[in-house]
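K.L.:
Please read through the structure below; I'll follow up with questions.
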Amino acid sequence: MSNLPLRAVKVDEGLILRSSGDVIDGVEIRRAKVIPDERGRLGEIMRADDPWFEKFGQVYFTTTYPGIVKAWHFHKKQTDHFYVPKGLIKVALYDERKESSTYGTVNQIYLGEHCPGLVRIPPGIQHGWMCVGNEEAYIINIVSEMYDYNSPDEYRTGPHDNHIPYDWERKDG
Ligand SMILES: Cc1cn([C@H]2C[C@H](O)[C@@H](COP(=O)(O)OP(=O)(O)O[C@H]3O[C@@H](C)C(=O)[C@@H](O)[C@H]3O)O2)c(=O)[nH]c1=O
């Protein structure tokens, strides 16, 4: 499948979404507050009175080594919220919900310690990321469901050879 062309759309201060159309219906993206001082940094991620907050399933971290792609995944029940405190990733999303107003749309956004932000991904959206920095990236995922060891809500498609109109190749310029 050939790539869909992506154009830049500013979604919040300092966060540029690249999209083949609109922001995917149900996806939310925002800049996150980081407060530095002479001792280090403190970053807010999510709180119980957050308009995005639905319910608590679990929080976990996962990491990715430079150049590695973790994709494509989607969930039938689970909503994900990604935050990247260390390193840099490009997150790609593809809406393959046939009933969606943004069906067929690709979104891509960079998240990392220099562009702190939170991305909310509802069920049914194909998603994944590539570590594009030169150090291991740390991803915190706040999810609405607990991981079911016997029957994970994880549906996977290979990262490169697939029906999704997006490729992970670096774009030099
Ligand atoms: C989530 C989870 C996984 N695991 C296990 C399953 C597996 O053996 C190992 C690694 O899990 P995964 O292969 O799912 O890890 P990973 O590929 O890093 O998973 C993540 O990928 C990105 C792209 C996403 O979108 C996330 O939703 C998440 O699925 O950890 C747990 O034991 N407990 C958990 O809570």
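The chains in the structure tokens are called A, B, ... from first to last as shown; in each chain the residues are counted from 1, and the ligands are counted from 1 in the order shown.
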Distance limit 6 Å, reference ligand 1, atoms considered: only C-alpha atoms and all ligand atoms. Which residues make the cut? Give them as a list of chain:residue names.

P.N.:
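Sorted by chain and then by number, the residues are A:Thr62, A:Lys70, A:Ala71, A:His73, A:His127, A:Gly128, A:Trp129, A:Tyr147.
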
K.L.:
Can you tell me which residues surround A:Pro165 at a distance of at most 9 Å, considering only C-alpha atoms, apart from same-chain residues fewer than 2 positions away, and format the answer as a PyMOL selection string?

P.N.:
chain A and resi 1-4+94+104+106+162-163+167

K.L.:
Residues near A:Pro116, anyone? I mean within 7 Å using only C-alpha atoms, not counting same-chain ones fewer than 6 positions away, as a list in words.

P.N.:
Arg31, Ala32 and Val84 of chain A

K.L.:
Which is closer to A:Tyr155 than all the others in A:Trp52, A:Tyr83, A:Phe74, A:Tyr110, using only C-alpha atoms?

P.N.:
A:Phe74

K.L.:
At what distance in Å, to one decimal, does atom CA of A:Ile68 lie from atom CA of A:Asn150?

P.N.:
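Distance reported for this atom pair: 26.8 Å.
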
K.L.:
Taking into account only C-alpha atoms, which residue in the set A:Thr157, A:Ser101, A:Gln78, A:Ser19 is nearest to A:Pro122?

P.N.:
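Closest candidate: A:Gln78.
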